[in-house]
$ cat start.tsv   # TSV, C-alpha atoms
chain	number	residue	atom	x	y	z
S	219	MET	CA	26.90	95.24	64.82
S	220	TYR	CA	24.73	95.68	61.73
S	221	TRP	CA	21.19	97.04	61.51
S	222	LYS	CA	18.80	98.23	58.81
S	223	THR	CA	16.61	101.30	58.68
S	224	ASP	CA	14.95	103.52	56.11
S	225	GLY	CA	14.93	107.29	56.10
S	226	VAL	CA	15.25	110.58	54.24
S	227	VAL	CA	18.60	112.29	53.73
S	228	LEU	CA	18.14	115.73	55.30
S	229	ARG	CA	21.68	117.00	54.81
S	230	GLU	CA	24.91	115.90	53.15
S	231	THR	CA	28.36	117.20	54.02
S	232	ALA	CA	31.61	116.46	52.18
S	233	TYR	CA	34.06	114.62	54.40
S	234	GLN	CA	37.69	113.84	53.68
S	235	ASP	CA	38.45	113.01	50.03
S	236	THR	CA	35.45	111.02	48.80
S	237	ASP	CA	33.21	110.48	51.83
S	238	LYS	CA	30.02	112.16	53.00
S	239	LEU	CA	28.45	112.66	56.38
S	240	LEU	CA	24.70	112.18	56.04
S	241	THR	CA	22.06	113.51	58.39
S	242	VAL	CA	19.15	111.09	58.00
S	243	LEU	CA	15.67	111.15	59.49
S	244	THR	CA	14.90	107.47	60.06
S	245	ARG	CA	11.63	105.77	60.81
S	246	ASP	CA	12.73	103.86	63.89
S	247	ARG	CA	15.78	105.70	65.26
S	248	GLY	CA	14.99	109.36	64.80
S	249	ARG	CA	17.78	111.54	63.44
S	250	VAL	CA	21.11	109.83	62.87
S	251	THR	CA	24.46	110.82	61.37
S	252	LEU	CA	25.95	108.27	58.98
S	253	ARG	CA	29.31	108.17	57.26
S	254	ALA	CA	29.11	107.07	53.63
S	255	ARG	CA	32.57	106.01	52.51
S	256	GLY	CA	33.65	106.73	48.94
S	257	VAL	CA	30.19	107.96	47.96
S	258	ARG	CA	31.54	111.03	46.15
S	259	SER	CA	33.40	108.80	43.72
S	260	ASN	CA	31.70	108.40	40.34
S	261	ARG	CA	31.98	104.62	40.68
S	262	SER	CA	30.19	104.43	44.03
S	263	ARG	CA	27.07	102.25	44.02
S	264	LEU	CA	25.81	104.18	47.05
S	265	LYS	CA	25.62	107.53	45.26
S	266	ALA	CA	21.90	107.57	44.35
S	267	ALA	CA	20.72	106.46	47.78
S	268	CYS	CA	22.95	108.91	49.65
S	269	GLN	CA	21.96	112.17	47.97
S	270	LEU	CA	19.96	114.98	49.53
S	271	LEU	CA	16.18	114.28	49.83
S	272	ALA	CA	16.49	110.62	48.81
S	273	PHE	CA	14.32	108.17	50.74
S	274	SER	CA	16.48	105.08	51.09
S	275	GLU	CA	17.03	101.84	52.95
S	276	PHE	CA	20.36	101.76	54.76
S	277	THR	CA	22.36	98.87	56.16
S	278	VAL	CA	24.49	100.42	58.90
S	279	PHE	CA	27.61	99.14	60.60
S	280	GLU	CA	27.86	100.40	64.18
S	281	HIS	CA	31.19	100.27	65.97
S	282	ARG	CA	32.17	102.21	69.10
S	283	GLY	CA	29.44	104.76	68.54
S	284	PHE	CA	30.33	105.44	64.90
S	285	LEU	CA	27.77	104.64	62.19
S	286	THR	CA	28.91	103.74	58.68
S	287	VAL	CA	26.75	102.99	55.65
S	288	GLN	CA	27.51	99.45	54.53
S	289	GLU	CA	24.80	99.21	51.86
S	290	ALA	CA	22.08	101.56	50.63
S	291	SER	CA	19.30	101.41	48.07
S	292	ALA	CA	17.06	104.29	47.03
S	293	LYS	CA	13.32	103.75	47.48
S	294	GLU	CA	12.32	107.16	46.11
S	295	GLN	CA	14.49	109.94	44.68
S	296	PHE	CA	11.74	112.50	43.92
S	297	TRP	CA	12.95	113.33	40.42
S	298	GLU	CA	10.05	115.76	39.96
S	299	LEU	CA	11.53	117.96	42.67
S	300	ARG	CA	15.05	117.83	41.27
S	301	GLY	CA	13.88	119.07	37.87
S	302	ASP	CA	12.39	122.31	39.22
S	303	LEU	CA	14.62	124.73	41.14
S	304	GLU	CA	11.82	126.36	43.13
S	305	ARG	CA	10.32	123.04	44.20
S	306	LEU	CA	13.78	121.70	45.04
S	307	ALA	CA	14.51	124.78	47.14
S	308	LEU	CA	11.22	124.43	48.98
S	309	ALA	CA	11.79	120.73	49.64
S	310	SER	CA	15.25	121.58	50.98
S	311	TYR	CA	13.61	123.99	53.40
S	312	PHE	CA	11.29	121.21	54.56
S	313	ALA	CA	14.32	118.99	55.13
S	314	GLN	CA	16.17	121.66	57.13
S	315	ALA	CA	13.10	122.36	59.26
S	316	ALA	CA	12.65	118.62	59.91
S	317	GLU	CA	16.28	118.38	60.98
S	318	VAL	CA	15.83	121.24	63.45
S	319	VAL	CA	12.83	119.71	65.23
S	320	SER	CA	13.95	116.05	65.10
S	321	GLN	CA	16.03	114.41	67.81
S	322	GLU	CA	18.65	111.69	67.89
S	323	ASP	CA	17.51	108.30	69.17
S	324	SER	CA	13.92	109.56	69.34
S	325	PRO	CA	11.70	107.96	66.67
S	326	ASN	CA	9.09	110.27	65.20
S	327	PRO	CA	7.28	108.39	62.41
S	328	GLN	CA	4.71	111.18	62.09
S	329	LEU	CA	7.47	113.64	61.21
S	330	LEU	CA	8.90	111.29	58.59
S	331	SER	CA	5.43	110.77	57.11
S	332	LEU	CA	4.84	114.53	57.00
S	333	LEU	CA	8.10	115.05	55.14
S	334	LEU	CA	7.47	112.27	52.62
S	335	ASN	CA	3.86	113.31	52.03
S	336	SER	CA	4.99	116.91	51.50
S	337	PHE	CA	7.59	115.83	48.93
S	338	TYR	CA	4.96	113.71	47.19
S	339	ALA	CA	2.38	116.52	47.12
S	340	LEU	CA	4.96	119.00	45.88
S	341	GLY	CA	6.49	116.75	43.24
S	342	LYS	CA	4.21	114.02	41.94
S	343	LEU	CA	0.86	115.69	42.68
S	344	LYS	CA	2.08	119.16	41.65
S	345	LYS	CA	0.05	120.79	44.41
S	346	PRO	CA	0.47	124.60	44.63
S	347	ARG	CA	3.72	125.40	46.38
S	348	ARG	CA	2.11	127.96	48.68
S	349	LEU	CA	-0.51	125.43	49.81
S	350	VAL	CA	2.04	122.66	50.49
S	351	LYS	CA	4.35	125.06	52.32
S	352	ALA	CA	1.61	126.39	54.60
S	353	ALA	CA	0.28	122.91	55.39
S	354	PHE	CA	3.78	121.60	56.14
S	355	GLU	CA	4.68	124.53	58.40
S	356	LEU	CA	1.51	124.42	60.44
S	357	ARG	CA	1.57	120.64	60.85
S	358	LEU	CA	5.27	120.76	61.75
S	359	ALA	CA	4.51	123.30	64.46
S	360	CYS	CA	1.86	120.95	65.86
S	361	LEU	CA	4.23	117.95	65.83
S	362	SER	CA	6.85	120.07	67.61
S	363	GLY	CA	4.52	120.84	70.52
S	364	TYR	CA	3.25	124.20	69.30
S	365	ALA	CA	-0.31	123.32	68.28
S	366	PRO	CA	-2.30	126.58	68.29
S	367	ASP	CA	-5.43	127.00	70.40
S	368	LEU	CA	-8.23	127.57	67.87
S	369	SER	CA	-11.18	127.06	70.20
S	370	GLY	CA	-12.07	130.76	70.18
S	371	CYS	CA	-10.87	134.18	71.23
S	372	ALA	CA	-8.50	133.81	74.18
S	373	VAL	CA	-10.19	136.83	75.81
S	374	CYS	CA	-13.93	136.59	75.13
S	375	GLY	CA	-14.27	133.07	73.70
S	376	ASP	CA	-15.84	134.12	70.38
S	377	PRO	CA	-15.25	131.19	67.93
S	378	ALA	CA	-15.26	133.66	65.02
S	379	ALA	CA	-12.22	135.60	66.26
S	380	ASP	CA	-10.46	137.44	63.43
S	381	ARG	CA	-6.89	137.80	64.70
S	382	PHE	CA	-4.12	135.30	65.48
S	383	ASN	CA	-1.58	136.06	68.19
S	384	VAL	CA	1.65	134.63	66.75
S	385	SER	CA	3.73	134.56	69.92
S	386	ARG	CA	1.02	132.94	72.06
S	387	GLY	CA	-0.58	130.76	69.39
S	388	VAL	CA	-4.13	131.83	70.22
S	389	LEU	CA	-7.04	133.54	68.50
S	390	GLN	CA	-8.22	137.00	69.48
S	391	CYS	CA	-10.90	139.39	68.34
S	392	GLU	CA	-9.74	142.67	66.85
S	393	HIS	CA	-10.68	144.66	69.95
S	394	CYS	CA	-9.73	142.06	72.57
S	395	ARG	CA	-6.34	142.43	74.18
S	396	ILE	CA	-4.26	140.16	76.39
S	397	GLU	CA	-2.60	141.92	79.28
S	398	ASP	CA	1.14	142.59	78.90
S	399	ASP	CA	1.21	141.24	75.38
S	400	GLY	CA	2.68	143.33	72.59
S	401	GLY	CA	3.16	140.43	70.22
S	402	LEU	CA	2.31	140.36	66.53
S	403	ARG	CA	-1.33	139.74	65.69
S	404	MET	CA	-2.16	138.66	62.15
S	405	PRO	CA	-5.57	138.87	60.44
S	406	VAL	CA	-7.54	135.63	60.09
S	407	GLY	CA	-10.41	135.58	57.61
S	408	VAL	CA	-13.18	133.01	57.56
S	409	GLY	CA	-11.47	130.86	54.91
S	410	THR	CA	-8.14	131.00	56.71
S	411	LEU	CA	-9.69	130.03	60.02
S	412	ALA	CA	-11.42	127.05	58.43
S	413	ALA	CA	-8.10	125.95	56.90
S	414	LEU	CA	-6.36	126.27	60.28
S	415	HIS	CA	-8.94	124.02	61.91
S	416	TYR	CA	-8.60	121.47	59.12
S	417	LEU	CA	-4.80	121.38	59.06
S	418	THR	CA	-4.41	120.96	62.80
S	419	ALA	CA	-6.96	118.14	63.10
S	420	CYS	CA	-7.10	116.15	59.85
S	421	ASP	CA	-5.60	112.74	59.15
S	422	GLY	CA	-2.04	113.21	57.93
S	423	ARG	CA	-2.84	111.38	54.70
S	424	ARG	CA	-5.46	114.03	53.90
S	425	LEU	CA	-3.31	117.02	54.79
S	426	PHE	CA	-3.22	118.46	51.27
S	427	SER	CA	-6.79	117.57	50.34
S	428	PHE	CA	-8.36	120.96	50.90
S	429	GLU	CA	-9.25	123.93	48.74
S	430	ILE	CA	-8.94	127.58	49.63
S	431	GLY	CA	-9.29	130.86	47.75
S	432	PRO	CA	-6.20	132.77	46.61
S	433	ASP	CA	-6.57	135.58	49.15
S	434	SER	CA	-7.10	133.16	52.03
S	435	LEU	CA	-4.18	131.03	50.85
S	436	ARG	CA	-1.91	134.07	50.84
S	437	GLU	CA	-3.07	134.94	54.36
S	438	LEU	CA	-2.64	131.34	55.53
S	439	GLY	CA	0.84	131.15	54.04
S	440	ASP	CA	2.04	134.30	55.77
S	441	LEU	CA	0.58	133.15	59.08
S	442	ALA	CA	1.99	129.60	58.95
S	443	GLU	CA	5.52	130.72	58.14
S	444	THR	CA	5.55	133.49	60.74
S	445	TYR	CA	4.12	131.20	63.40
S	446	LEU	CA	6.68	128.43	62.81
S	447	VAL	CA	9.78	130.65	62.80
S	448	THR	CA	8.47	132.55	65.83
S	449	GLN	CA	7.87	129.42	67.88
S	450	LEU	CA	11.18	127.83	66.87
S	451	GLU	CA	12.94	131.17	67.45
S	452	ARG	CA	15.14	130.87	64.40
S	453	GLY	CA	15.34	131.46	60.68
S	454	PHE	CA	16.28	129.08	57.86
S	455	SER	CA	18.88	129.67	55.16
S	456	THR	CA	16.96	127.39	52.80
S	457	LEU	CA	13.79	129.44	53.31
S	458	ASP	CA	15.69	132.63	52.53
S	459	PHE	CA	17.01	131.06	49.33
S	460	TYR	CA	13.57	129.84	48.29
S	461	LYS	CA	12.08	133.29	48.82
S	462	SER	CA	14.92	134.89	46.85
S	463	LEU	CA	13.93	132.76	43.85
S	464	LEU	CA	10.40	134.13	43.99
S	465	GLU	CA	11.72	137.69	43.86
S	466	THR	CA	13.67	137.21	40.63
$ encode --input "start.tsv" --output "structure tokens"
Amino acid sequence: MYWKTDGVVLRETAYQDTDKLLTVLTRDRGRVTLRARGVRSNRSRLKAACQLLAFSEFTVFEHRGFLTVQEASAKEQFWELRGDLERLALASYFAQAAEVVSQEDSPNPQLLSLLLNSFYALGKLKKPRRLVKAAFELRLACLSGYAPDLSGCAVCGDPAADRFNVSRGVLQCEHCRIEDDGGLRMPVGVGTLAALHYLTACDGRRLFSFEIGPDSLRELGDLAETYLVTQLERGFSTLDFYKSLLET
């Protein structure tokens, strides 16, 4: 049986002599694993469409539960990302995070749109890396079922609460405490709080259309990363590599 789909290559793994196993986030089938035969050969016409981060259309042959790429054509290769190591590393982190939260046979078009829009903002629009990273992480947490409660302090209800409880995903005032909770609380300034409200509620196509001061952006970036890795209860090798580049 043959079928067509489009999706982003999240991961590529060498297989046998010239093949690859591709982890692809598709629009209509969720995460799938595809075998691309001979794609590591220099003569392969599938090479461009089957590389990491490429957004491609795939014609897939399905037989006894195994999925093989029959044809593939690249719709977007994001050359702007590939020409900058830091942007490429950050985009690879986005891909790994998307792979972690996606599921097989469970379509999630919002997740695919978030990933593509993040690549576009990072590459073609040249948005600040810290801004794109924070927006992606917070929106990914929301799509994964971890939308924070930003209605006000979880203790007293004050809408101008100035702390964020990372483990519980709620706001708190500096002097308000939740019983039996020793979790990390991070500071939330006025600008950061406004950005949190915007990023959790805005139309996905407007996700990167906001401005924030440098201090608030730094605070937002630290909060978004810490919140995502805390809720997912795991780290990311690609994130570690990206951060190592910033230290050099």
$ residues_around --input "start.tsv" --residues "S:Gly341" --least-positions-apart "6" --cutoff "8 Å" --atoms "only C-alpha atoms" --output "list in words"
Phe296, Trp297, Glu298, Leu299 and Arg305 of chain S
$ closest_residue --input "start.tsv" --among "S:Glu429, S:Asp237, S:Asp376, S:Asp224" --to "S:Lys345" --atoms "only C-alpha atoms"
S:Glu429
$ atom_distance --input "start.tsv" --atom1 "atom CA of S:Arg253" --atom2 "atom CA of S:Leu340"
29.0 Å
$ atom_distance --input "start.tsv" --atom1 "atom CA of S:Ala442" --atom2 "atom CA of S:Ala352"
5.4 Å
$ closest_residue --input "start.tsv" --among "S:Val257, S:Leu402, S:Ala419, S:Ala372" --to "S:Val388" --atoms "only C-alpha atoms"
S:Ala372
$ closest_residue --input "start.tsv" --among "S:Leu240, S:Arg255, S:Glu317, S:Cys268" --to "S:Phe454" --atoms "all atoms listed in the file"
S:Glu317
$ atom_distance --input "start.tsv" --atom1 "atom CA of S:Arg229" --atom2 "atom CA of S:Thr241"
5.0 Å
$ residues_around --input "start.tsv" --residues "S:Asn335" --least-positions-apart "2" --cutoff "10 Å" --atoms "only C-alpha atoms" --output "MDAnalysis selection string"
chainID S and resid 329:333 337:341 350 354 422:426
$ closest_residue --input "start.tsv" --among "S:Leu308, S:Leu270, S:Ala232, S:Leu343" --to "S:Ser455" --atoms "all atoms listed in the file"
S:Leu308
$ closest_residue --input "start.tsv" --among "S:Arg348, S:Lys461, S:Lys222, S:Arg436" --to "S:Val287" --atoms "all atoms listed in the file"
S:Lys222
$ residues_around --input "start.tsv" --residues "S:Ala290" --least-positions-apart "4" --cutoff "9 Å" --atoms "only C-alpha atoms" --output "list of chain:residue names"
S:Arg263, S:Leu264, S:Lys265, S:Ala266, S:Ala267, S:Cys268, S:Ser274, S:Glu275, S:Phe276, S:Thr277, S:Val278
$ write_last_selection --input "start.tsv" --atoms "C-alpha atoms" --output "short mmCIF file (atom, residue, chain, number, x, y, z; two decimals), in the frame of the given file"
data_model
loop_
_atom_site.label_atom_id
_atom_site.label_comp_id
_atom_site.auth_asym_id
_atom_site.auth_seq_id
_atom_site.Cartn_x
_atom_site.Cartn_y
_atom_site.Cartn_z
CA ARG S 263 27.07 102.25 44.02
CA LEU S 264 25.81 104.18 47.05
CA LYS S 265 25.62 107.53 45.26
CA ALA S 266 21.90 107.57 44.35
CA ALA S 267 20.72 106.46 47.78
CA CYS S 268 22.95 108.91 49.65
CA SER S 274 16.48 105.08 51.09
CA GLU S 275 17.03 101.84 52.95
CA PHE S 276 20.36 101.76 54.76
CA THR S 277 22.36 98.87 56.16
CA VAL S 278 24.49 100.42 58.90
#
$ closest_residue --input "start.tsv" --among "S:Ser336, S:Gln449, S:Gln288, S:Gln321" --to "S:Arg249" --atoms "all atoms listed in the file"
S:Gln321
$ axis_aligned_box --input "start.tsv" --around "stretch 231-249 of chain S" --padding-each-side "4 Å" --output "lines of an AutoDock Vina configuration file"
center_x = 25.0
center_y = 110.5
center_z = 57.0
size_x = 34.8
size_y = 21.3
size_z = 24.5
$ residues_around --input "start.tsv" --residues "S:Gly363" --least-positions-apart "6" --cutoff "12 Å" --atoms "only C-alpha atoms" --output "PyMOL selection string"
chain S and resi 319-320+356-357+387+418+446+449-450
$ residues_around --input "start.tsv" --residues "S:Leu414" --least-positions-apart "3" --cutoff "8 Å" --atoms "all atoms listed in the file" --output "ChimeraX atom specification"
/S:368,410-411,417-418,438
$ decode --input "start.tsv" --residues "stretch 297-375 of chain S" --atoms "C-alpha atoms" --output "PDB file, in the first residue's frame"
ATOM      1  CA  TRP S 297      19.398  26.878   4.262  1.00  0.00           C
ATOM      2  CA  GLU S 298      19.631  29.909   6.564  1.00  0.00           C
ATOM      3  CA  LEU S 299      19.801  27.560   9.541  1.00  0.00           C
ATOM      4  CA  ARG S 300      22.402  25.290   7.983  1.00  0.00           C
ATOM      5  CA  GLY S 301      24.778  28.198   7.382  1.00  0.00           C
ATOM      6  CA  ASP S 302      24.956  29.213  11.055  1.00  0.00           C
ATOM      7  CA  LEU S 303      26.149  26.670  13.632  1.00  0.00           C
ATOM      8  CA  GLU S 304      24.353  28.238  16.590  1.00  0.00           C
ATOM      9  CA  ARG S 305      21.038  28.501  14.757  1.00  0.00           C
ATOM     10  CA  LEU S 306      21.445  24.955  13.435  1.00  0.00           C
ATOM     11  CA  ALA S 307      22.144  23.678  16.948  1.00  0.00           C
ATOM     12  CA  LEU S 308      19.095  25.471  18.313  1.00  0.00           C
ATOM     13  CA  ALA S 309      16.863  24.137  15.533  1.00  0.00           C
ATOM     14  CA  SER S 310      18.172  20.635  16.274  1.00  0.00           C
ATOM     15  CA  TYR S 311      17.111  21.108  19.883  1.00  0.00           C
ATOM     16  CA  PHE S 312      13.628  22.091  18.701  1.00  0.00           C
ATOM     17  CA  ALA S 313      13.506  18.921  16.604  1.00  0.00           C
ATOM     18  CA  GLN S 314      14.590  16.700  19.501  1.00  0.00           C
ATOM     19  CA  ALA S 315      12.049  18.295  21.832  1.00  0.00           C
ATOM     20  CA  ALA S 316       9.300  17.818  19.227  1.00  0.00           C
ATOM     21  CA  GLU S 317      10.260  14.162  18.894  1.00  0.00           C
ATOM     22  CA  VAL S 318       9.998  13.665  22.655  1.00  0.00           C
ATOM     23  CA  VAL S 319       6.479  15.074  22.963  1.00  0.00           C
ATOM     24  CA  SER S 320       5.062  13.684  19.688  1.00  0.00           C
ATOM     25  CA  GLN S 321       3.380  10.303  19.407  1.00  0.00           C
ATOM     26  CA  GLU S 322       3.103   7.670  16.719  1.00  0.00           C
ATOM     27  CA  ASP S 323      -0.216   7.510  14.868  1.00  0.00           C
ATOM     28  CA  SER S 324      -1.399  10.628  16.700  1.00  0.00           C
ATOM     29  CA  PRO S 325      -1.629  13.656  14.380  1.00  0.00           C
ATOM     30  CA  ASN S 326      -0.649  16.946  15.984  1.00  0.00           C
ATOM     31  CA  PRO S 327      -0.757  19.650  13.291  1.00  0.00           C
ATOM     32  CA  GLN S 328      -0.255  22.375  15.905  1.00  0.00           C
ATOM     33  CA  LEU S 329       3.078  20.838  16.888  1.00  0.00           C
ATOM     34  CA  LEU S 330       4.209  20.653  13.263  1.00  0.00           C
ATOM     35  CA  SER S 331       3.176  24.276  12.720  1.00  0.00           C
ATOM     36  CA  LEU S 332       5.064  25.358  15.846  1.00  0.00           C
ATOM     37  CA  LEU S 333       8.204  23.628  14.620  1.00  0.00           C
ATOM     38  CA  LEU S 334       8.001  25.074  11.104  1.00  0.00           C
ATOM     39  CA  ASN S 335       7.188  28.575  12.347  1.00  0.00           C
ATOM     40  CA  SER S 336      10.120  28.401  14.773  1.00  0.00           C
ATOM     41  CA  PHE S 337      12.505  27.369  11.978  1.00  0.00           C
ATOM     42  CA  TYR S 338      11.161  30.199   9.822  1.00  0.00           C
ATOM     43  CA  ALA S 339      11.505  32.807  12.591  1.00  0.00           C
ATOM     44  CA  LEU S 340      14.997  31.605  13.436  1.00  0.00           C
ATOM     45  CA  GLY S 341      16.249  31.363   9.856  1.00  0.00           C
ATOM     46  CA  LYS S 342      14.447  33.580   7.372  1.00  0.00           C
ATOM     47  CA  LEU S 343      13.227  36.265   9.797  1.00  0.00           C
ATOM     48  CA  LYS S 344      16.466  36.241  11.829  1.00  0.00           C
ATOM     49  CA  LYS S 345      14.546  36.765  15.060  1.00  0.00           C
ATOM     50  CA  PRO S 346      16.741  36.828  18.203  1.00  0.00           C
ATOM     51  CA  ARG S 347      17.643  33.285  19.173  1.00  0.00           C
ATOM     52  CA  ARG S 348      16.758  33.820  22.827  1.00  0.00           C
ATOM     53  CA  LEU S 349      13.287  35.093  21.892  1.00  0.00           C
ATOM     54  CA  VAL S 350      12.541  32.207  19.497  1.00  0.00           C
ATOM     55  CA  LYS S 351      13.831  29.645  21.996  1.00  0.00           C
ATOM     56  CA  ALA S 352      11.703  30.968  24.858  1.00  0.00           C
ATOM     57  CA  ALA S 353       8.567  31.204  22.711  1.00  0.00           C
ATOM     58  CA  PHE S 354       9.071  27.674  21.361  1.00  0.00           C
ATOM     59  CA  GLU S 355       9.665  26.160  24.803  1.00  0.00           C
ATOM     60  CA  LEU S 356       6.682  27.769  26.444  1.00  0.00           C
ATOM     61  CA  ARG S 357       4.320  26.984  23.571  1.00  0.00           C
ATOM     62  CA  LEU S 358       5.616  23.410  23.424  1.00  0.00           C
ATOM     63  CA  ALA S 359       4.879  23.006  27.121  1.00  0.00           C
ATOM     64  CA  CYS S 360       1.315  24.202  26.483  1.00  0.00           C
ATOM     65  CA  LEU S 361       0.823  21.796  23.557  1.00  0.00           C
ATOM     66  CA  SER S 362       2.129  18.956  25.732  1.00  0.00           C
ATOM     67  CA  GLY S 363      -0.522  19.529  28.398  1.00  0.00           C
ATOM     68  CA  TYR S 364       1.545  21.701  30.731  1.00  0.00           C
ATOM     69  CA  ALA S 365      -0.037  25.116  30.157  1.00  0.00           C
ATOM     70  CA  PRO S 366       0.797  27.245  33.223  1.00  0.00           C
ATOM     71  CA  ASP S 367      -1.917  28.866  35.329  1.00  0.00           C
ATOM     72  CA  LEU S 368      -1.311  32.610  34.970  1.00  0.00           C
ATOM     73  CA  SER S 369      -4.604  33.834  36.402  1.00  0.00           C
ATOM     74  CA  GLY S 370      -2.956  35.109  39.584  1.00  0.00           C
ATOM     75  CA  CYS S 371      -1.139  34.032  42.713  1.00  0.00           C
ATOM     76  CA  ALA S 372      -2.126  30.450  43.545  1.00  0.00           C
ATOM     77  CA  VAL S 373      -2.356  31.465  47.222  1.00  0.00           C
ATOM     78  CA  CYS S 374      -3.884  34.941  47.399  1.00  0.00           C
ATOM     79  CA  GLY S 375      -5.084  35.482  43.814  1.00  0.00           C
TER      80      GLY S 375
END
